[in-house]
Amino acid sequence: MDIHDLIVVGGGAAGATCAGRLSELRPDLSIAVLEAGPSDRHPLVAMPFGLIALMGSARDWRFRSAPQAALGGRCVAVPRGRMLGGSASINSMVWFRGRADDYDHWGPGWGWDVVAPVSDAVEAEMRPRVLRDPHPLSLALGEVHSGPPTPERVSSGPFVVNMEAGRRRSPVDAFLRGRAVHVVTGAEISGLVLEDGRARGVVLADGRQISARTGVVLAAGAIGSPALLMRSGIGPGAVLAEAGISPVRDVAGVGRNLHDHPAVAVHHQGPGSGRGLTWGQLPGWALAPFRWALTGRGPLASNTVEAGAFLADGAGMPRWQVHFIPARLGHGARAIGWGAGYYADVCLMQPRSRGRLTLDRTGAPVIDLGLLADEADRRDMREGLRRLRALMKEAPFGARRAPEVFPACGDDDAALDRHLEARLGTAYHPVGTCAIGSVVTSDLAVDGVEGLWVADASVMPCITSANTNAPSIMIGYRAAGLVARHR
């Protein structure tokens, strides 16, 4: 039986960062990272545009939500990375810390004065920068509002991304690779070993056990971490009983507070606009793999979500984020179809709706995102769609401008509601299911269980007001310092 001092469950954004940083802070400890999926050494991971092939592949958990009551019972996709780097290996690499006041609701020890210096340290290693060679449409979007885009004010333009020389730079590259950490891939965890109120290790799906002398850090994300706690008997008693699990500790907050940025898109298509499959662009696409391999440039160096905006109603703080993709993707039966175009989605930065994660009788997660459960979110998404359309009209796209082809409906409430119910999803930023102050303490320790911590987006009591990649990495980095104090 393998024995280590610390086991980090999950090699995603937070887990890879936490383990690598721990190896620096505590070189005296034996640290293991257990990742359910394979290595991230795959050309499509390094290639930014490769994410469109990775989502929905075997390197994605391919979760689906429970039927969403406010969307007519429709289920929505919940993609989560299943390899080293986790979702940071299949995401669009957009980099935002969030807004300073986002952290006012995280409790003691998590205010902006604390997390900002941690983010500084993270960025010194990750080296995020403005996207190199954005498409002319992405550059044009930056002329609508003064940039660079930030959730702190109304703004627009090309995004900052964690890329280097046209290639993905993930937390695995920045923090884990080359460190004194034992990395095990293909190690899916079925539960924790708990003895006398303490985490003693983990049980793998094949029945093997790996022991931990000091403790276990759960970094399996907002879906995986609460599911592992509940499968181990830590969670709401009624939920555990319904799943046929004997309770070890009744913790009501596990799985609650699930939320994400609700998002919906509009699509534009027309010749001479954005990227796509056209006779004129075919030669460029044929040469694109060679150009990217040799120079790190060209369409395959695009992270797809090249630019965006933050929009407000009136003179207030932004309430909506826009993600802009200068390519024809996504509104037909197939993700990639014939023609050129561009599209943009709008998401609500601070949704009020909350969902819940539970387990079925097999132990699989049941993901109820609770989208638009609060009617105020529906009203805000209608208004967000109107403002997105206004932005697309205002942007100086010139000869590259193309008409809206989907949904191409009116701006009245009924038409927008039909589009929301048919197409609303999320920005793929689930958080909140092991929240600070509810499931974990301010030190990220699971309340009432010795030697057990959670370090990922699940600990966010409230979502940050933009993409959650950078905050998740910050959580992993800070968690390493908190866990390192434990003797």
# chains A, B, ... in the order shown; residues from 1 in each chain; ligands from 1

call {"tool": "residues_around", "arguments": {"residues": "range 287-303 of chain A", "least_positions_apart": "6", "cutoff": "12 Å", "atoms": "only C-alpha atoms", "output": "PDB file with N, CA, C and O atoms, in the first residue's frame"}}
result
ATOM      1  N   PRO A  43      -1.080  17.236 -28.104  1.00  0.00           N
ATOM      2  CA  PRO A  43      -0.950  18.441 -28.933  1.00  0.00           C
ATOM      3  C   PRO A  43      -2.157  19.367 -28.874  1.00  0.00           C
ATOM      4  O   PRO A  43      -2.009  20.592 -28.974  1.00  0.00           O
ATOM      5  N   LEU A  44      -3.356  18.820 -28.715  1.00  0.00           N
ATOM      6  CA  LEU A  44      -4.539  19.671 -28.674  1.00  0.00           C
ATOM      7  C   LEU A  44      -4.633  20.465 -27.380  1.00  0.00           C
ATOM      8  O   LEU A  44      -5.337  21.482 -27.325  1.00  0.00           O
ATOM      9  N   VAL A  45      -3.961  20.015 -26.321  1.00  0.00           N
ATOM     10  CA  VAL A  45      -3.932  20.783 -25.076  1.00  0.00           C
ATOM     11  C   VAL A  45      -3.048  22.008 -25.242  1.00  0.00           C
ATOM     12  O   VAL A  45      -3.413  23.124 -24.858  1.00  0.00           O
ATOM     13  N   ALA A  46      -1.887  21.821 -25.825  1.00  0.00           N
ATOM     14  CA  ALA A  46      -0.980  22.946 -26.044  1.00  0.00           C
ATOM     15  C   ALA A  46      -1.530  23.927 -27.066  1.00  0.00           C
ATOM     16  O   ALA A  46      -1.312  25.136 -26.965  1.00  0.00           O
ATOM     17  N   MET A  47      -2.260  23.430 -28.057  1.00  0.00           N
ATOM     18  CA  MET A  47      -2.803  24.261 -29.134  1.00  0.00           C
ATOM     19  C   MET A  47      -4.058  24.981 -28.643  1.00  0.00           C
ATOM     20  O   MET A  47      -5.074  24.337 -28.361  1.00  0.00           O
ATOM     21  N   PRO A  48      -4.061  26.305 -28.536  1.00  0.00           N
ATOM     22  CA  PRO A  48      -5.228  27.009 -27.987  1.00  0.00           C
ATOM     23  C   PRO A  48      -6.542  26.675 -28.677  1.00  0.00           C
ATOM     24  O   PRO A  48      -7.555  26.427 -28.013  1.00  0.00           O
ATOM     25  N   PHE A  49      -6.570  26.645 -30.005  1.00  0.00           N
ATOM     26  CA  PHE A  49      -7.804  26.370 -30.724  1.00  0.00           C
ATOM     27  C   PHE A  49      -8.258  24.921 -30.548  1.00  0.00           C
ATOM     28  O   PHE A  49      -9.408  24.584 -30.843  1.00  0.00           O
ATOM     29  N   GLY A  50      -7.374  24.078 -30.035  1.00  0.00           N
ATOM     30  CA  GLY A  50      -7.706  22.668 -29.838  1.00  0.00           C
ATOM     31  C   GLY A  50      -8.800  22.429 -28.829  1.00  0.00           C
ATOM     32  O   GLY A  50      -9.368  21.330 -28.768  1.00  0.00           O
ATOM     33  N   LEU A  51      -9.138  23.456 -28.041  1.00  0.00           N
ATOM     34  CA  LEU A  51     -10.171  23.258 -27.019  1.00  0.00           C
ATOM     35  C   LEU A  51     -11.520  22.875 -27.624  1.00  0.00           C
ATOM     36  O   LEU A  51     -12.324  22.208 -26.960  1.00  0.00           O
ATOM     37  N   ILE A  52     -11.779  23.276 -28.866  1.00  0.00           N
ATOM     38  CA  ILE A  52     -13.083  22.935 -29.445  1.00  0.00           C
ATOM     39  C   ILE A  52     -13.196  21.430 -29.697  1.00  0.00           C
ATOM     40  O   ILE A  52     -14.301  20.891 -29.757  1.00  0.00           O
ATOM     41  N   ALA A  53     -12.049  20.742 -29.843  1.00  0.00           N
ATOM     42  CA  ALA A  53     -12.068  19.291 -29.993  1.00  0.00           C
ATOM     43  C   ALA A  53     -11.989  18.583 -28.652  1.00  0.00           C
ATOM     44  O   ALA A  53     -12.470  17.451 -28.503  1.00  0.00           O
ATOM     45  N   SER A  89      -6.946  22.817 -18.684  1.00  0.00           N
ATOM     46  CA  SER A  89      -6.365  22.221 -19.883  1.00  0.00           C
ATOM     47  C   SER A  89      -7.343  22.198 -21.053  1.00  0.00           C
ATOM     48  O   SER A  89      -6.964  21.811 -22.168  1.00  0.00           O
ATOM     49  N   ILE A  90      -8.606  22.574 -20.813  1.00  0.00           N
ATOM     50  CA  ILE A  90      -9.568  22.615 -21.919  1.00  0.00           C
ATOM     51  C   ILE A  90     -10.284  23.966 -22.003  1.00  0.00           C
ATOM     52  O   ILE A  90     -11.193  24.131 -22.810  1.00  0.00           O
ATOM     53  N   ASN A  91      -9.860  24.947 -21.205  1.00  0.00           N
ATOM     54  CA  ASN A  91     -10.586  26.221 -21.182  1.00  0.00           C
ATOM     55  C   ASN A  91      -9.991  27.205 -22.196  1.00  0.00           C
ATOM     56  O   ASN A  91      -9.030  26.905 -22.911  1.00  0.00           O
ATOM     57  N   SER A  92     -10.572  28.392 -22.231  1.00  0.00           N
ATOM     58  CA  SER A  92     -10.135  29.406 -23.191  1.00  0.00           C
ATOM     59  C   SER A  92      -9.061  30.325 -22.627  1.00  0.00           C
ATOM     60  O   SER A  92      -8.704  31.318 -23.266  1.00  0.00           O
ATOM     61  N   MET A  93      -8.560  30.004 -21.439  1.00  0.00           N
ATOM     62  CA  MET A  93      -7.381  30.663 -20.862  1.00  0.00           C
ATOM     63  C   MET A  93      -7.575  32.144 -20.567  1.00  0.00           C
ATOM     64  O   MET A  93      -6.612  32.899 -20.459  1.00  0.00           O
ATOM     65  N   VAL A  94      -8.821  32.586 -20.435  1.00  0.00           N
ATOM     66  CA  VAL A  94      -9.086  33.998 -20.139  1.00  0.00           C
ATOM     67  C   VAL A  94      -8.729  34.280 -18.685  1.00  0.00           C
ATOM     68  O   VAL A  94      -9.094  33.512 -17.786  1.00  0.00           O
ATOM     69  N   TRP A  95      -8.035  35.385 -18.446  1.00  0.00           N
ATOM     70  CA  TRP A  95      -7.437  35.647 -17.132  1.00  0.00           C
ATOM     71  C   TRP A  95      -8.016  36.903 -16.500  1.00  0.00           C
ATOM     72  O   TRP A  95      -7.756  38.013 -16.946  1.00  0.00           O
ATOM     73  N   VAL A 130      -1.760  39.987 -22.723  1.00  0.00           N
ATOM     74  CA  VAL A 130      -2.795  40.221 -23.726  1.00  0.00           C
ATOM     75  C   VAL A 130      -2.549  39.286 -24.904  1.00  0.00           C
ATOM     76  O   VAL A 130      -1.415  39.058 -25.324  1.00  0.00           O
ATOM     77  N   LEU A 131      -3.633  38.722 -25.426  1.00  0.00           N
ATOM     78  CA  LEU A 131      -3.545  37.796 -26.548  1.00  0.00           C
ATOM     79  C   LEU A 131      -2.729  38.386 -27.686  1.00  0.00           C
ATOM     80  O   LEU A 131      -2.962  39.513 -28.115  1.00  0.00           O
ATOM     81  N   ARG A 132      -1.777  37.610 -28.157  1.00  0.00           N
ATOM     82  CA  ARG A 132      -0.980  38.007 -29.308  1.00  0.00           C
ATOM     83  C   ARG A 132      -1.773  37.774 -30.601  1.00  0.00           C
ATOM     84  O   ARG A 132      -2.459  36.770 -30.742  1.00  0.00           O
ATOM     85  N   ASP A 133      -1.690  38.693 -31.527  1.00  0.00           N
ATOM     86  CA  ASP A 133      -2.310  38.563 -32.851  1.00  0.00           C
ATOM     87  C   ASP A 133      -3.823  38.335 -32.811  1.00  0.00           C
ATOM     88  O   ASP A 133      -4.343  37.409 -33.451  1.00  0.00           O
ATOM     89  N   PRO A 134      -4.582  39.140 -32.082  1.00  0.00           N
ATOM     90  CA  PRO A 134      -6.044  38.958 -32.130  1.00  0.00           C
ATOM     91  C   PRO A 134      -6.591  39.256 -33.518  1.00  0.00           C
ATOM     92  O   PRO A 134      -6.007  40.027 -34.283  1.00  0.00           O
ATOM     93  N   HIS A 135      -7.723  38.648 -33.832  1.00  0.00           N
ATOM     94  CA  HIS A 135      -8.405  38.860 -35.101  1.00  0.00           C
ATOM     95  C   HIS A 135      -8.808  40.336 -35.219  1.00  0.00           C
ATOM     96  O   HIS A 135      -9.084  40.992 -34.208  1.00  0.00           O
ATOM     97  N   SER A 138     -11.742  41.266 -33.184  1.00  0.00           N
ATOM     98  CA  SER A 138     -11.483  41.379 -31.750  1.00  0.00           C
ATOM     99  C   SER A 138     -10.857  42.729 -31.420  1.00  0.00           C
ATOM    100  O   SER A 138     -11.188  43.349 -30.390  1.00  0.00           O
ATOM    101  N   PRO A 158      -9.469  43.017 -26.539  1.00  0.00           N
ATOM    102  CA  PRO A 158      -8.867  41.686 -26.433  1.00  0.00           C
ATOM    103  C   PRO A 158      -8.552  41.333 -24.986  1.00  0.00           C
ATOM    104  O   PRO A 158      -8.189  42.197 -24.178  1.00  0.00           O
ATOM    105  N   PHE A 159      -8.679  40.062 -24.667  1.00  0.00           N
ATOM    106  CA  PHE A 159      -8.500  39.578 -23.302  1.00  0.00           C
ATOM    107  C   PHE A 159      -7.034  39.284 -22.988  1.00  0.00           C
ATOM    108  O   PHE A 159      -6.229  38.986 -23.877  1.00  0.00           O
ATOM    109  N   VAL A 160      -6.731  39.319 -21.700  1.00  0.00           N
ATOM    110  CA  VAL A 160      -5.479  38.772 -21.171  1.00  0.00           C
ATOM    111  C   VAL A 160      -5.665  37.267 -21.021  1.00  0.00           C
ATOM    112  O   VAL A 160      -6.718  36.803 -20.559  1.00  0.00           O
ATOM    113  N   VAL A 161      -4.654  36.506 -21.404  1.00  0.00           N
ATOM    114  CA  VAL A 161      -4.750  35.042 -21.396  1.00  0.00           C
ATOM    115  C   VAL A 161      -3.479  34.426 -20.819  1.00  0.00           C
ATOM    116  O   VAL A 161      -2.412  35.048 -20.852  1.00  0.00           O
ATOM    117  N   ASN A 162      -3.602  33.209 -20.296  1.00  0.00           N
ATOM    118  CA  ASN A 162      -2.406  32.498 -19.834  1.00  0.00           C
ATOM    119  C   ASN A 162      -1.870  31.624 -20.975  1.00  0.00           C
ATOM    120  O   ASN A 162      -2.032  30.417 -21.019  1.00  0.00           O
ATOM    121  N   MET A 163      -1.234  32.317 -21.918  1.00  0.00           N
ATOM    122  CA  MET A 163      -0.590  31.677 -23.061  1.00  0.00           C
ATOM    123  C   MET A 163       0.824  32.219 -23.188  1.00  0.00           C
ATOM    124  O   MET A 163       1.110  33.328 -22.731  1.00  0.00           O
ATOM    125  N   GLU A 164       1.672  31.444 -23.823  1.00  0.00           N
ATOM    126  CA  GLU A 164       3.044  31.872 -24.055  1.00  0.00           C
ATOM    127  C   GLU A 164       3.477  31.378 -25.436  1.00  0.00           C
ATOM    128  O   GLU A 164       3.391  30.183 -25.728  1.00  0.00           O
ATOM    129  N   ALA A 165       3.913  32.310 -26.258  1.00  0.00           N
ATOM    130  CA  ALA A 165       4.377  31.988 -27.606  1.00  0.00           C
ATOM    131  C   ALA A 165       3.335  31.191 -28.388  1.00  0.00           C
ATOM    132  O   ALA A 165       3.663  30.254 -29.114  1.00  0.00           O
ATOM    133  N   GLY A 166       2.058  31.564 -28.217  1.00  0.00           N
ATOM    134  CA  GLY A 166       1.001  30.919 -28.957  1.00  0.00           C
ATOM    135  C   GLY A 166       0.604  29.557 -28.451  1.00  0.00           C
ATOM    136  O   GLY A 166      -0.117  28.826 -29.134  1.00  0.00           O
ATOM    137  N   ARG A 167       1.027  29.220 -27.229  1.00  0.00           N
ATOM    138  CA  ARG A 167       0.714  27.918 -26.646  1.00  0.00           C
ATOM    139  C   ARG A 167       0.140  28.094 -25.245  1.00  0.00           C
ATOM    140  O   ARG A 167       0.466  29.043 -24.541  1.00  0.00           O
ATOM    141  N   ARG A 168      -0.718  27.145 -24.857  1.00  0.00           N
ATOM    142  CA  ARG A 168      -1.311  27.173 -23.519  1.00  0.00           C
ATOM    143  C   ARG A 168      -0.213  27.085 -22.460  1.00  0.00           C
ATOM    144  O   ARG A 168       0.697  26.257 -22.549  1.00  0.00           O
ATOM    145  N   ARG A 169      -0.301  27.939 -21.463  1.00  0.00           N
ATOM    146  CA  ARG A 169       0.575  27.819 -20.293  1.00  0.00           C
ATOM    147  C   ARG A 169      -0.335  27.579 -19.099  1.00  0.00           C
ATOM    148  O   ARG A 169      -0.971  28.489 -18.571  1.00  0.00           O
ATOM    149  N   GLY A 274     -15.739  36.757 -40.012  1.00  0.00           N
ATOM    150  CA  GLY A 274     -14.789  36.114 -39.124  1.00  0.00           C
ATOM    151  C   GLY A 274     -14.225  34.825 -39.705  1.00  0.00           C
ATOM    152  O   GLY A 274     -14.333  34.556 -40.903  1.00  0.00           O
ATOM    153  N   ARG A 275     -13.634  34.031 -38.834  1.00  0.00           N
ATOM    154  CA  ARG A 275     -13.077  32.755 -39.285  1.00  0.00           C
ATOM    155  C   ARG A 275     -14.194  31.760 -39.581  1.00  0.00           C
ATOM    156  O   ARG A 275     -15.294  31.866 -39.055  1.00  0.00           O
ATOM    157  N   GLY A 276     -13.878  30.779 -40.407  1.00  0.00           N
ATOM    158  CA  GLY A 276     -14.841  29.737 -40.723  1.00  0.00           C
ATOM    159  C   GLY A 276     -14.371  28.927 -41.912  1.00  0.00           C
ATOM    160  O   GLY A 276     -13.277  29.141 -42.452  1.00  0.00           O
ATOM    161  N   GLN A 281     -10.811  30.612 -47.197  1.00  0.00           N
ATOM    162  CA  GLN A 281     -10.023  30.342 -45.999  1.00  0.00           C
ATOM    163  C   GLN A 281      -9.428  28.933 -45.966  1.00  0.00           C
ATOM    164  O   GLN A 281      -8.571  28.645 -45.131  1.00  0.00           O
ATOM    165  N   HIS A 323     -18.335  37.553 -23.889  1.00  0.00           N
ATOM    166  CA  HIS A 323     -17.235  36.790 -24.474  1.00  0.00           C
ATOM    167  C   HIS A 323     -17.416  36.816 -25.998  1.00  0.00           C
ATOM    168  O   HIS A 323     -18.485  36.440 -26.493  1.00  0.00           O
ATOM    169  N   PHE A 324     -16.379  37.240 -26.714  1.00  0.00           N
ATOM    170  CA  PHE A 324     -16.474  37.403 -28.167  1.00  0.00           C
ATOM    171  C   PHE A 324     -15.549  36.416 -28.873  1.00  0.00           C
ATOM    172  O   PHE A 324     -14.361  36.319 -28.554  1.00  0.00           O
ATOM    173  N   ILE A 325     -16.110  35.686 -29.830  1.00  0.00           N
ATOM    174  CA  ILE A 325     -15.382  34.662 -30.586  1.00  0.00           C
ATOM    175  C   ILE A 325     -15.459  35.030 -32.070  1.00  0.00           C
ATOM    176  O   ILE A 325     -16.548  34.982 -32.661  1.00  0.00           O
ATOM    177  N   PRO A 326     -14.337  35.393 -32.700  1.00  0.00           N
ATOM    178  CA  PRO A 326     -14.381  35.814 -34.100  1.00  0.00           C
ATOM    179  C   PRO A 326     -14.367  34.627 -35.062  1.00  0.00           C
ATOM    180  O   PRO A 326     -13.521  34.535 -35.964  1.00  0.00           O
ATOM    181  N   ALA A 327     -15.280  33.720 -34.873  1.00  0.00           N
ATOM    182  CA  ALA A 327     -15.352  32.514 -35.708  1.00  0.00           C
ATOM    183  C   ALA A 327     -16.793  32.032 -35.757  1.00  0.00           C
ATOM    184  O   ALA A 327     -17.574  32.268 -34.828  1.00  0.00           O
TER     185      ALA A 327
END

call {"tool": "closest_atom_pairs", "arguments": {"of": "range 440-471 of chain A", "to": "range 17-25 of chain A", "cutoff": "12 Å", "atoms": "only C-alpha atoms", "output": "Markdown table"}}
result
| residue | atom | partner | partner_atom | distance |
| --- | --- | --- | --- | --- |
| A:Trp453 | CA | A:Cys18 | CA | 11.3 |
| A:Val454 | CA | A:Cys18 | CA | 10.6 |
| A:Ala455 | CA | A:Cys18 | CA | 7.8 |
| A:Asp456 | CA | A:Cys18 | CA | 9.4 |
| A:Asn469 | CA | A:Thr17 | CA | 11.8 |
| A:Ala470 | CA | A:Thr17 | CA | 11.1 |
| A:Pro471 | CA | A:Thr17 | CA | 11.6 |

call {"tool": "closest_residue", "arguments": {"among": "A:Pro351, A:Gly384, A:Pro117, A:Pro403", "to": "Leu416 in chain A", "atoms": "only C-alpha atoms"}}
result
A:Gly384

call {"tool": "closest_residue", "arguments": {"among": "A:Leu228, A:Val76, A:Val183, A:Ala124", "to": "Leu359 in chain A", "atoms": "only C-alpha atoms"}}
result
A:Leu228

call {"tool": "closest_residue", "arguments": {"among": "A:Gly280, A:Gly355, A:Gly370, A:Gly197", "to": "Leu452 in chain A", "atoms": "only C-alpha atoms"}}
result
A:Gly197

call {"tool": "residues_around", "arguments": {"residues": "Asp417 in chain A", "least_positions_apart": "5", "cutoff": "9 Å", "atoms": "only C-alpha atoms", "output": "list in words"}}
result
Arg378, Arg382, Asp412 and Ala422 of chain A

call {"tool": "select_by_dssp", "arguments": {"residues": "range 217-330 of chain A", "states": "strand (DSSP E or B)", "output": "PyMOL selection string"}}
result
chain A and resi 217-218+234-235+249-250+256-259+262-269+275-277+307-311+320-325+327

call {"tool": "atom_distance", "arguments": {"atom1": "CA of Thr214 in chain A", "atom2": "CA of Asp5 in chain A"}}
result
5.0 Å

call {"tool": "residues_around", "arguments": {"residues": "Pro430 in chain A", "least_positions_apart": "4", "cutoff": "10 Å", "atoms": "only C-alpha atoms", "output": "list in words"}}
result
Val78, Pro79, Arg80, Gly221, Ala222, Ile223, Leu258, His259, Asp260, His261, Leu369, Thr426, Ala457, Ser458, Met460, Ile463 and Thr468 of chain A

call {"tool": "closest_residue", "arguments": {"among": "A:Val449, A:Val366, A:Ala265, A:Ala373", "to": "Arg386 in chain A", "atoms": "only C-alpha atoms"}}
result
A:Ala265

call {"tool": "select_by_dssp", "arguments": {"residues": "range 111-219 of chain A", "states": "helix (DSSP H, G or I)", "output": "ChimeraX atom specification"}}
result
/A:112-126,136-141,171-176

call {"tool": "atom_distance", "arguments": {"atom1": "CA of Arg328 in chain A", "atom2": "CA of Leu277 in chain A"}}
result
8.2 Å

call {"tool": "closest_residue", "arguments": {"among": "A:Arg231, A:Arg356, A:His182, A:Arg208", "to": "Val8 in chain A", "atoms": "only C-alpha atoms"}}
result
A:His182

call {"tool": "closest_residue", "arguments": {"among": "A:Tyr477, A:Val239, A:Ala309, A:Ala199", "to": "Val118 in chain A", "atoms": "only C-alpha atoms"}}
result
A:Tyr477
